[in-house]
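File shown here: target-v5.txt, holding compact mmCIF, N, CA and C atoms.
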```
# COMPACT_ATOMS: atom_id res chain seq x y z
N MET A 1 0.83 -1.19 0.00
CA MET A 1 0.00 0.00 0.00
C MET A 1 0.87 1.26 0.00
N LYS A 2 1.96 1.20 0.76
CA LYS A 2 2.85 2.36 0.82
C LYS A 2 3.51 2.60 -0.55
N ARG A 3 3.90 1.52 -1.20
CA ARG A 3 4.53 1.65 -2.51
C ARG A 3 3.54 2.23 -3.52
N PHE A 4 2.31 1.73 -3.47
CA PHE A 4 1.29 2.23 -4.39
C PHE A 4 1.05 3.72 -4.17
N SER A 5 0.97 4.14 -2.91
CA SER A 5 0.76 5.56 -2.59
C SER A 5 1.93 6.39 -3.07
N LEU A 6 3.14 5.89 -2.87
CA LEU A 6 4.33 6.62 -3.31
C LEU A 6 4.38 6.74 -4.82
N VAL A 7 4.07 5.66 -5.53
CA VAL A 7 4.05 5.70 -7.00
C VAL A 7 2.98 6.66 -7.49
N LEU A 8 1.81 6.62 -6.87
CA LEU A 8 0.72 7.52 -7.25
C LEU A 8 1.11 8.98 -7.03
N LEU A 9 1.77 9.25 -5.92
CA LEU A 9 2.21 10.61 -5.62
C LEU A 9 3.27 11.07 -6.63
N LEU A 10 4.20 10.20 -6.98
CA LEU A 10 5.22 10.56 -7.97
C LEU A 10 4.61 10.82 -9.35
N ILE A 11 3.65 10.01 -9.74
CA ILE A 11 2.98 10.23 -11.03
C ILE A 11 2.25 11.56 -11.01
N LEU A 12 1.58 11.85 -9.92
CA LEU A 12 0.87 13.11 -9.77
C LEU A 12 1.83 14.29 -9.87
N LEU A 13 2.94 14.20 -9.17
CA LEU A 13 3.92 15.29 -9.20
C LEU A 13 4.48 15.50 -10.60
N CYS A 14 4.84 14.41 -11.26
CA CYS A 14 5.41 14.53 -12.61
C CYS A 14 4.39 15.08 -13.59
N SER A 15 3.16 14.63 -13.50
CA SER A 15 2.15 15.12 -14.44
C SER A 15 1.85 16.59 -14.20
N CYS A 16 1.92 17.02 -12.95
CA CYS A 16 1.67 18.44 -12.66
C CYS A 16 2.83 19.32 -13.07
N ILE A 17 4.03 18.83 -12.92
CA ILE A 17 5.20 19.64 -13.24
C ILE A 17 5.38 19.77 -14.75
N PHE A 18 5.21 18.67 -15.48
CA PHE A 18 5.48 18.70 -16.91
C PHE A 18 4.29 19.11 -17.76
N ALA A 19 3.11 19.07 -17.22
CA ALA A 19 1.92 19.49 -17.97
C ALA A 19 1.83 21.02 -17.96
N GLN A 20 1.47 21.61 -19.07
CA GLN A 20 1.38 23.06 -19.18
C GLN A 20 0.00 23.49 -19.71
N PRO A 21 -1.08 23.09 -19.05
CA PRO A 21 -2.38 23.52 -19.55
C PRO A 21 -2.59 25.01 -19.30
N VAL A 22 -3.33 25.65 -20.21
CA VAL A 22 -3.60 27.07 -20.08
C VAL A 22 -4.60 27.31 -18.95
N LYS A 23 -5.65 26.53 -18.95
CA LYS A 23 -6.67 26.66 -17.91
C LYS A 23 -6.72 25.38 -17.10
N LYS A 24 -6.73 25.52 -15.80
CA LYS A 24 -6.78 24.37 -14.91
C LYS A 24 -8.20 23.82 -14.86
N ASN A 25 -8.30 22.52 -14.72
CA ASN A 25 -9.60 21.86 -14.61
C ASN A 25 -9.94 21.70 -13.12
N PRO A 26 -11.00 22.36 -12.65
CA PRO A 26 -11.36 22.27 -11.23
C PRO A 26 -11.68 20.84 -10.77
N ASN A 27 -12.25 20.04 -11.66
CA ASN A 27 -12.56 18.66 -11.29
C ASN A 27 -11.30 17.84 -11.05
N LYS A 28 -10.27 18.08 -11.86
CA LYS A 28 -8.99 17.41 -11.64
C LYS A 28 -8.37 17.85 -10.32
N ALA A 29 -8.48 19.14 -10.02
CA ALA A 29 -7.94 19.66 -8.76
C ALA A 29 -8.60 18.98 -7.57
N VAL A 30 -9.92 18.79 -7.65
CA VAL A 30 -10.64 18.11 -6.57
C VAL A 30 -10.21 16.66 -6.48
N LEU A 31 -10.07 16.00 -7.62
CA LEU A 31 -9.65 14.60 -7.63
C LEU A 31 -8.25 14.44 -7.03
N TYR A 32 -7.34 15.32 -7.41
CA TYR A 32 -5.98 15.27 -6.88
C TYR A 32 -5.93 15.61 -5.39
N SER A 33 -6.94 16.31 -4.89
CA SER A 33 -6.96 16.69 -3.48
C SER A 33 -7.20 15.52 -2.55
N ILE A 34 -7.53 14.36 -3.10
CA ILE A 34 -7.66 13.16 -2.27
C ILE A 34 -6.33 12.88 -1.58
N ILE A 35 -5.24 13.12 -2.30
CA ILE A 35 -3.91 13.04 -1.71
C ILE A 35 -3.63 14.39 -1.06
N PRO A 36 -3.21 14.43 0.19
CA PRO A 36 -2.97 15.72 0.84
C PRO A 36 -2.01 16.60 0.04
N GLY A 37 -2.47 17.78 -0.34
CA GLY A 37 -1.67 18.73 -1.09
C GLY A 37 -1.67 18.50 -2.58
N GLY A 38 -2.31 17.46 -3.05
CA GLY A 38 -2.30 17.13 -4.48
C GLY A 38 -2.97 18.18 -5.35
N GLY A 39 -4.08 18.71 -4.90
CA GLY A 39 -4.77 19.76 -5.66
C GLY A 39 -3.97 21.03 -5.72
N GLN A 40 -3.25 21.34 -4.65
CA GLN A 40 -2.42 22.54 -4.64
C GLN A 40 -1.20 22.35 -5.55
N ILE A 41 -0.66 21.14 -5.59
CA ILE A 41 0.46 20.87 -6.50
C ILE A 41 -0.03 21.00 -7.94
N TYR A 42 -1.23 20.51 -8.23
CA TYR A 42 -1.80 20.63 -9.57
C TYR A 42 -1.95 22.10 -9.96
N ASN A 43 -2.32 22.94 -9.01
CA ASN A 43 -2.48 24.37 -9.27
C ASN A 43 -1.18 25.16 -9.14
N LYS A 44 -0.08 24.45 -8.89
CA LYS A 44 1.25 25.06 -8.73
C LYS A 44 1.30 26.02 -7.54
N ALA A 45 0.57 25.70 -6.49
CA ALA A 45 0.61 26.46 -5.23
C ALA A 45 1.42 25.62 -4.24
N TYR A 46 2.73 25.64 -4.42
CA TYR A 46 3.61 24.73 -3.70
C TYR A 46 3.72 25.05 -2.21
N ILE A 47 3.62 26.31 -1.84
CA ILE A 47 3.70 26.66 -0.42
C ILE A 47 2.45 26.14 0.31
N LYS A 48 1.29 26.34 -0.31
CA LYS A 48 0.05 25.80 0.28
C LYS A 48 0.13 24.28 0.37
N ALA A 49 0.66 23.65 -0.68
CA ALA A 49 0.76 22.19 -0.69
C ALA A 49 1.64 21.69 0.45
N SER A 50 2.77 22.35 0.65
CA SER A 50 3.66 21.90 1.72
C SER A 50 3.02 22.11 3.09
N ALA A 51 2.27 23.19 3.26
CA ALA A 51 1.57 23.42 4.53
C ALA A 51 0.52 22.33 4.77
N ILE A 52 -0.23 22.01 3.75
CA ILE A 52 -1.28 20.99 3.90
C ILE A 52 -0.66 19.62 4.15
N ILE A 53 0.39 19.30 3.43
CA ILE A 53 1.07 18.01 3.64
C ILE A 53 1.60 17.93 5.06
N GLY A 54 2.19 19.02 5.54
CA GLY A 54 2.71 19.04 6.91
C GLY A 54 1.62 18.87 7.95
N ILE A 55 0.53 19.58 7.77
CA ILE A 55 -0.58 19.50 8.73
C ILE A 55 -1.19 18.09 8.72
N GLN A 56 -1.44 17.56 7.52
CA GLN A 56 -2.03 16.22 7.43
C GLN A 56 -1.09 15.16 8.00
N THR A 57 0.22 15.30 7.74
CA THR A 57 1.18 14.34 8.29
C THR A 57 1.17 14.38 9.81
N TYR A 58 1.15 15.59 10.36
CA TYR A 58 1.09 15.73 11.81
C TYR A 58 -0.18 15.09 12.38
N LEU A 59 -1.32 15.36 11.75
CA LEU A 59 -2.58 14.80 12.24
C LEU A 59 -2.62 13.28 12.14
N ILE A 60 -2.10 12.74 11.06
CA ILE A 60 -2.05 11.29 10.91
C ILE A 60 -1.13 10.67 11.96
N ALA A 61 0.02 11.31 12.19
CA ALA A 61 0.96 10.79 13.18
C ALA A 61 0.36 10.83 14.59
N THR A 62 -0.31 11.91 14.94
CA THR A 62 -0.91 11.98 16.28
C THR A 62 -2.08 11.01 16.41
N ALA A 63 -2.83 10.79 15.34
CA ALA A 63 -3.93 9.82 15.39
C ALA A 63 -3.37 8.41 15.59
N ILE A 64 -2.28 8.08 14.93
CA ILE A 64 -1.65 6.77 15.10
C ILE A 64 -1.12 6.63 16.53
N HIS A 65 -0.50 7.68 17.04
CA HIS A 65 0.02 7.66 18.41
C HIS A 65 -1.13 7.47 19.41
N ASN A 66 -2.19 8.24 19.24
CA ASN A 66 -3.32 8.14 20.16
C ASN A 66 -4.00 6.77 20.07
N ASP A 67 -4.07 6.20 18.87
CA ASP A 67 -4.64 4.87 18.71
C ASP A 67 -3.77 3.83 19.42
N ALA A 68 -2.46 3.98 19.33
CA ALA A 68 -1.56 3.06 20.03
C ALA A 68 -1.76 3.15 21.54
N LYS A 69 -1.96 4.36 22.04
CA LYS A 69 -2.21 4.54 23.48
C LYS A 69 -3.53 3.89 23.89
N VAL A 70 -4.57 4.00 23.04
CA VAL A 70 -5.85 3.36 23.33
C VAL A 70 -5.65 1.85 23.43
N GLN A 71 -4.87 1.29 22.51
CA GLN A 71 -4.60 -0.16 22.53
C GLN A 71 -3.80 -0.55 23.78
N ASP A 72 -2.82 0.28 24.16
CA ASP A 72 -2.03 0.00 25.36
C ASP A 72 -2.92 -0.04 26.59
N TYR A 73 -3.79 0.94 26.73
CA TYR A 73 -4.66 0.96 27.90
C TYR A 73 -5.71 -0.14 27.85
N ARG A 74 -6.11 -0.57 26.69
CA ARG A 74 -7.02 -1.71 26.58
C ARG A 74 -6.35 -2.97 27.13
N GLU A 75 -5.07 -3.15 26.78
CA GLU A 75 -4.32 -4.30 27.30
C GLU A 75 -4.14 -4.20 28.80
N LYS A 76 -3.87 -2.99 29.29
CA LYS A 76 -3.71 -2.81 30.74
C LYS A 76 -5.01 -3.08 31.47
N ILE A 77 -6.14 -2.67 30.88
CA ILE A 77 -7.44 -2.94 31.49
C ILE A 77 -7.70 -4.44 31.58
N ASN A 78 -7.34 -5.16 30.52
CA ASN A 78 -7.56 -6.61 30.50
C ASN A 78 -6.63 -7.36 31.43
N SER A 79 -5.49 -6.76 31.78
CA SER A 79 -4.50 -7.48 32.58
C SER A 79 -4.53 -7.14 34.07
N THR A 80 -5.35 -6.21 34.48
CA THR A 80 -5.37 -5.84 35.90
C THR A 80 -6.70 -6.18 36.54
N SER A 81 -6.63 -6.40 37.85
CA SER A 81 -7.86 -6.64 38.61
C SER A 81 -8.04 -5.60 39.71
N ASP A 82 -7.07 -4.71 39.84
CA ASP A 82 -7.15 -3.64 40.85
C ASP A 82 -8.16 -2.59 40.39
N GLU A 83 -9.16 -2.33 41.21
CA GLU A 83 -10.24 -1.41 40.84
C GLU A 83 -9.75 0.02 40.65
N ILE A 84 -8.80 0.46 41.45
CA ILE A 84 -8.28 1.83 41.34
C ILE A 84 -7.53 1.99 40.02
N LEU A 85 -6.65 1.04 39.72
CA LEU A 85 -5.92 1.10 38.44
C LEU A 85 -6.87 0.94 37.27
N LEU A 86 -7.86 0.09 37.43
CA LEU A 86 -8.83 -0.14 36.36
C LEU A 86 -9.58 1.15 36.01
N ALA A 87 -9.99 1.89 37.02
CA ALA A 87 -10.69 3.16 36.79
C ALA A 87 -9.75 4.17 36.12
N GLU A 88 -8.51 4.21 36.57
CA GLU A 88 -7.53 5.14 35.98
C GLU A 88 -7.26 4.78 34.52
N TYR A 89 -7.08 3.49 34.23
CA TYR A 89 -6.82 3.05 32.86
C TYR A 89 -8.00 3.35 31.94
N ARG A 90 -9.21 3.14 32.44
CA ARG A 90 -10.39 3.44 31.62
C ARG A 90 -10.48 4.93 31.32
N ASP A 91 -10.16 5.74 32.32
CA ASP A 91 -10.18 7.19 32.12
C ASP A 91 -9.14 7.62 31.08
N LYS A 92 -7.94 7.07 31.19
CA LYS A 92 -6.89 7.40 30.21
C LYS A 92 -7.27 6.91 28.81
N GLN A 93 -7.84 5.72 28.74
CA GLN A 93 -8.26 5.19 27.44
C GLN A 93 -9.31 6.09 26.81
N LYS A 94 -10.25 6.56 27.63
CA LYS A 94 -11.29 7.46 27.12
C LYS A 94 -10.68 8.77 26.62
N GLN A 95 -9.69 9.30 27.33
CA GLN A 95 -9.03 10.54 26.91
C GLN A 95 -8.34 10.36 25.56
N TYR A 96 -7.63 9.25 25.38
CA TYR A 96 -6.94 9.02 24.11
C TYR A 96 -7.91 8.73 22.98
N LYS A 97 -9.05 8.11 23.27
CA LYS A 97 -10.07 7.92 22.23
C LYS A 97 -10.62 9.26 21.77
N GLU A 98 -10.84 10.17 22.71
CA GLU A 98 -11.34 11.50 22.36
C GLU A 98 -10.30 12.26 21.53
N LYS A 99 -9.03 12.14 21.89
CA LYS A 99 -7.97 12.79 21.11
C LYS A 99 -7.90 12.23 19.70
N ARG A 100 -8.01 10.90 19.60
CA ARG A 100 -7.98 10.25 18.27
C ARG A 100 -9.16 10.71 17.43
N THR A 101 -10.34 10.78 18.01
CA THR A 101 -11.52 11.24 17.29
C THR A 101 -11.35 12.69 16.85
N ARG A 102 -10.80 13.51 17.72
CA ARG A 102 -10.56 14.91 17.38
C ARG A 102 -9.57 15.02 16.20
N ASP A 103 -8.54 14.18 16.21
CA ASP A 103 -7.59 14.18 15.09
C ASP A 103 -8.27 13.82 13.78
N PHE A 104 -9.17 12.82 13.82
CA PHE A 104 -9.90 12.45 12.60
C PHE A 104 -10.78 13.59 12.11
N TRP A 105 -11.42 14.31 13.02
CA TRP A 105 -12.23 15.46 12.62
C TRP A 105 -11.37 16.54 11.97
N TRP A 106 -10.22 16.81 12.57
CA TRP A 106 -9.33 17.83 11.99
C TRP A 106 -8.81 17.39 10.63
N MET A 107 -8.53 16.09 10.46
CA MET A 107 -8.10 15.60 9.14
C MET A 107 -9.20 15.82 8.11
N GLY A 108 -10.44 15.53 8.48
CA GLY A 108 -11.55 15.74 7.56
C GLY A 108 -11.74 17.20 7.21
N LEU A 109 -11.66 18.07 8.21
CA LEU A 109 -11.80 19.51 7.94
C LEU A 109 -10.67 20.02 7.07
N THR A 110 -9.46 19.59 7.35
CA THR A 110 -8.32 20.01 6.53
C THR A 110 -8.48 19.53 5.10
N LEU A 111 -8.94 18.30 4.93
CA LEU A 111 -9.17 17.77 3.59
C LEU A 111 -10.26 18.55 2.86
N ALA A 112 -11.33 18.86 3.57
CA ALA A 112 -12.43 19.61 2.95
C ALA A 112 -11.97 21.01 2.52
N PHE A 113 -11.26 21.70 3.40
CA PHE A 113 -10.81 23.04 3.05
C PHE A 113 -9.74 23.03 1.97
N SER A 114 -8.84 22.06 1.97
CA SER A 114 -7.83 21.99 0.92
C SER A 114 -8.47 21.65 -0.43
N THR A 115 -9.51 20.82 -0.41
CA THR A 115 -10.23 20.50 -1.65
C THR A 115 -10.94 21.74 -2.18
N LEU A 116 -11.60 22.46 -1.30
CA LEU A 116 -12.28 23.69 -1.69
C LEU A 116 -11.28 24.72 -2.23
N ASP A 117 -10.14 24.85 -1.58
CA ASP A 117 -9.10 25.77 -2.03
C ASP A 117 -8.59 25.39 -3.42
N ALA A 118 -8.35 24.10 -3.63
CA ALA A 118 -7.86 23.65 -4.95
C ALA A 118 -8.90 23.90 -6.03
N TYR A 119 -10.17 23.68 -5.71
CA TYR A 119 -11.25 23.91 -6.68
C TYR A 119 -11.33 25.38 -7.06
N ILE A 120 -11.28 26.26 -6.07
CA ILE A 120 -11.37 27.70 -6.34
C ILE A 120 -10.14 28.18 -7.09
N ASP A 121 -8.95 27.73 -6.68
CA ASP A 121 -7.72 28.14 -7.38
C ASP A 121 -7.75 27.71 -8.84
N ALA A 122 -8.27 26.52 -9.12
CA ALA A 122 -8.34 26.05 -10.50
C ALA A 122 -9.29 26.92 -11.32
N HIS A 123 -10.40 27.33 -10.71
CA HIS A 123 -11.33 28.22 -11.41
C HIS A 123 -10.69 29.59 -11.69
N LEU A 124 -9.86 30.05 -10.79
CA LEU A 124 -9.26 31.37 -10.93
C LEU A 124 -7.90 31.34 -11.61
N SER A 125 -7.51 30.21 -12.19
CA SER A 125 -6.18 30.08 -12.75
C SER A 125 -5.92 31.03 -13.92
N ASN A 126 -6.94 31.37 -14.68
CA ASN A 126 -6.73 32.29 -15.81
C ASN A 126 -7.41 33.64 -15.55
N PHE A 127 -7.50 34.02 -14.31
CA PHE A 127 -8.17 35.27 -13.95
C PHE A 127 -7.48 36.49 -14.56
N LYS A 128 -6.16 36.53 -14.56
CA LYS A 128 -5.45 37.69 -15.09
C LYS A 128 -5.71 37.87 -16.58
N GLU A 129 -5.73 36.76 -17.32
CA GLU A 129 -5.99 36.85 -18.76
C GLU A 129 -7.41 37.34 -19.03
N GLU A 130 -8.37 36.85 -18.25
CA GLU A 130 -9.75 37.27 -18.42
C GLU A 130 -9.93 38.73 -18.02
N LYS A 131 -9.21 39.14 -17.01
CA LYS A 131 -9.31 40.52 -16.55
C LYS A 131 -8.83 41.50 -17.62
N GLU A 132 -7.85 41.08 -18.41
CA GLU A 132 -7.33 41.94 -19.47
C GLU A 132 -8.34 42.16 -20.59
N LYS A 133 -9.33 41.30 -20.70
CA LYS A 133 -10.34 41.42 -21.74
C LYS A 133 -11.42 42.45 -21.39
N ILE A 134 -11.49 42.85 -20.15
CA ILE A 134 -12.54 43.78 -19.71
C ILE A 134 -11.95 45.19 -19.60
N HIS A 135 -12.65 46.14 -20.19
CA HIS A 135 -12.22 47.54 -20.13
C HIS A 135 -13.40 48.41 -19.72
N ILE A 136 -13.14 49.29 -18.80
CA ILE A 136 -14.17 50.25 -18.37
C ILE A 136 -13.72 51.63 -18.82
N ARG A 137 -14.62 52.33 -19.51
CA ARG A 137 -14.31 53.68 -19.99
C ARG A 137 -15.40 54.65 -19.58
N PHE A 138 -15.00 55.87 -19.39
CA PHE A 138 -15.95 56.94 -19.13
C PHE A 138 -15.96 57.85 -20.35
N GLU A 139 -17.13 58.08 -20.89
CA GLU A 139 -17.29 59.04 -21.98
C GLU A 139 -18.41 59.99 -21.59
N GLU A 140 -18.01 61.23 -21.43
CA GLU A 140 -18.92 62.27 -20.98
C GLU A 140 -19.57 61.84 -19.67
N GLU A 141 -20.86 61.60 -19.66
CA GLU A 141 -21.53 61.23 -18.42
C GLU A 141 -21.98 59.77 -18.42
N THR A 142 -21.35 58.95 -19.24
CA THR A 142 -21.74 57.54 -19.30
C THR A 142 -20.56 56.66 -18.97
N LEU A 143 -20.88 55.53 -18.45
CA LEU A 143 -19.89 54.51 -18.11
C LEU A 143 -20.05 53.38 -19.14
N LEU A 144 -18.96 53.06 -19.84
CA LEU A 144 -18.99 51.99 -20.84
C LEU A 144 -18.17 50.80 -20.36
N LEU A 145 -18.76 49.64 -20.50
CA LEU A 145 -18.09 48.41 -20.16
C LEU A 145 -17.85 47.65 -21.46
N GLU A 146 -16.60 47.33 -21.73
CA GLU A 146 -16.24 46.67 -22.98
C GLU A 146 -15.57 45.34 -22.66
N TYR A 147 -16.04 44.28 -23.32
CA TYR A 147 -15.47 42.96 -23.14
C TYR A 147 -14.99 42.45 -24.50
N ASN A 148 -13.70 42.13 -24.60
CA ASN A 148 -13.14 41.60 -25.83
C ASN A 148 -13.08 40.09 -25.78
N PHE A 149 -13.60 39.45 -26.82
CA PHE A 149 -13.61 38.00 -26.88
C PHE A 149 -12.32 37.48 -27.46
```

Would you put the structure from the file into structure tokens?
Amino acid sequence: MKRFSLVLLLILLCSCIFAQPVKKNPNKAVLYSIIPGGGQIYNKAYIKASAIIGIQTYLIATAIHNDAKVQDYREKINSTSDEILLAEYRDKQKQYKEKRTRDFWWMGLTLAFSTLDAYIDAHLSNFKEEKEKIHIRFEEETLLLEYNF
């Protein structure tokens, strides 16, 4: 699975670097956003991509750590018969479960916002060129809006 993910990421990076489309496809940006930072790499927003990759990596690492702690306390609960320790272990296990759940929520929110960002950036990729086609002029007391196709 790790090899497949690495190969997929390398293909994504190469296709984004060597492809020179004039207008970005928002649907592709959303599709690439499944991989953390993929949509931003597609839109050539490398600083945003590195921030998202860093945040997602941190959240995944803390979720794995918290899950390991939940498993550790589950084993401790099963191996002890002392009521005081049992209550303490259950409390700690509950705390780590809440932390793990919170990490998953943050991962989902980060993914949603990075997907939305990639979609909007792809739509606005040719904004400067489109802006050059619009001209506003004043003639006497009238305002003229001119759009060149």

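Every protein or nucleic acid residue with an atom no more than 10 Å from region 67-71 of chain A, counting only C-alpha atoms and leaving out same-chain residues fewer than 2 positions away, appears here: Ala61, Thr62, Ala63, Ile64, His65, Tyr73, Arg74, Glu75, Lys76, Ile77, Tyr89, Arg90, Lys92, Gln93, Lys94, Gln95, Tyr96, Lys97, Glu98, Lys99, Arg100 and Thr101 of chain A.
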
- Task: Write down as a VMD selection string the residues of region 6-144 of chain A whose backbone DSSP state falls under alpha helix (DSSP H).
- Result: chain A and resid 6 to 18 26 to 32 38 to 42 46 to 79 83 to 123 127 to 132

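In this model, the gap between atom N of Asp117 (chain A) and CA of Asn66 (chain A) comes to 28.3 Å.
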
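Taking CA of Glu139 (chain A) as the reference point, atom C of Asn126 (chain A) is found at 28.0 Å.
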
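Relative to CA of Gly54 (chain A), atom N of Pro26 (chain A) is found at 24.1 Å.
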
- Message: as a list in words, please: the residues near His123 (chain A) (cut-off 7 Å, all atoms listed in the file, same-chain neighbours under 3 positions excluded).
- Response: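 Neighbouring residues, sequence-local ones excluded: Lys24, Asn25, Pro26, Ala118, Tyr119, Ile120, Asn126 and Phe127 of chain A.
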
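All residues of region 8-138 of chain A that DSSP, run on the backbone, classes as strand (DSSP E or B) are A:Ile134, A:His135, A:Ile136, A:Arg137, A:Phe138.
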
- Item | Residues within 10 Å of (1.7, 27.9, -9.7), counting only C-alpha atoms, listed as a PyMOL selection string | chain A and resi 16-17+40-47+121+125
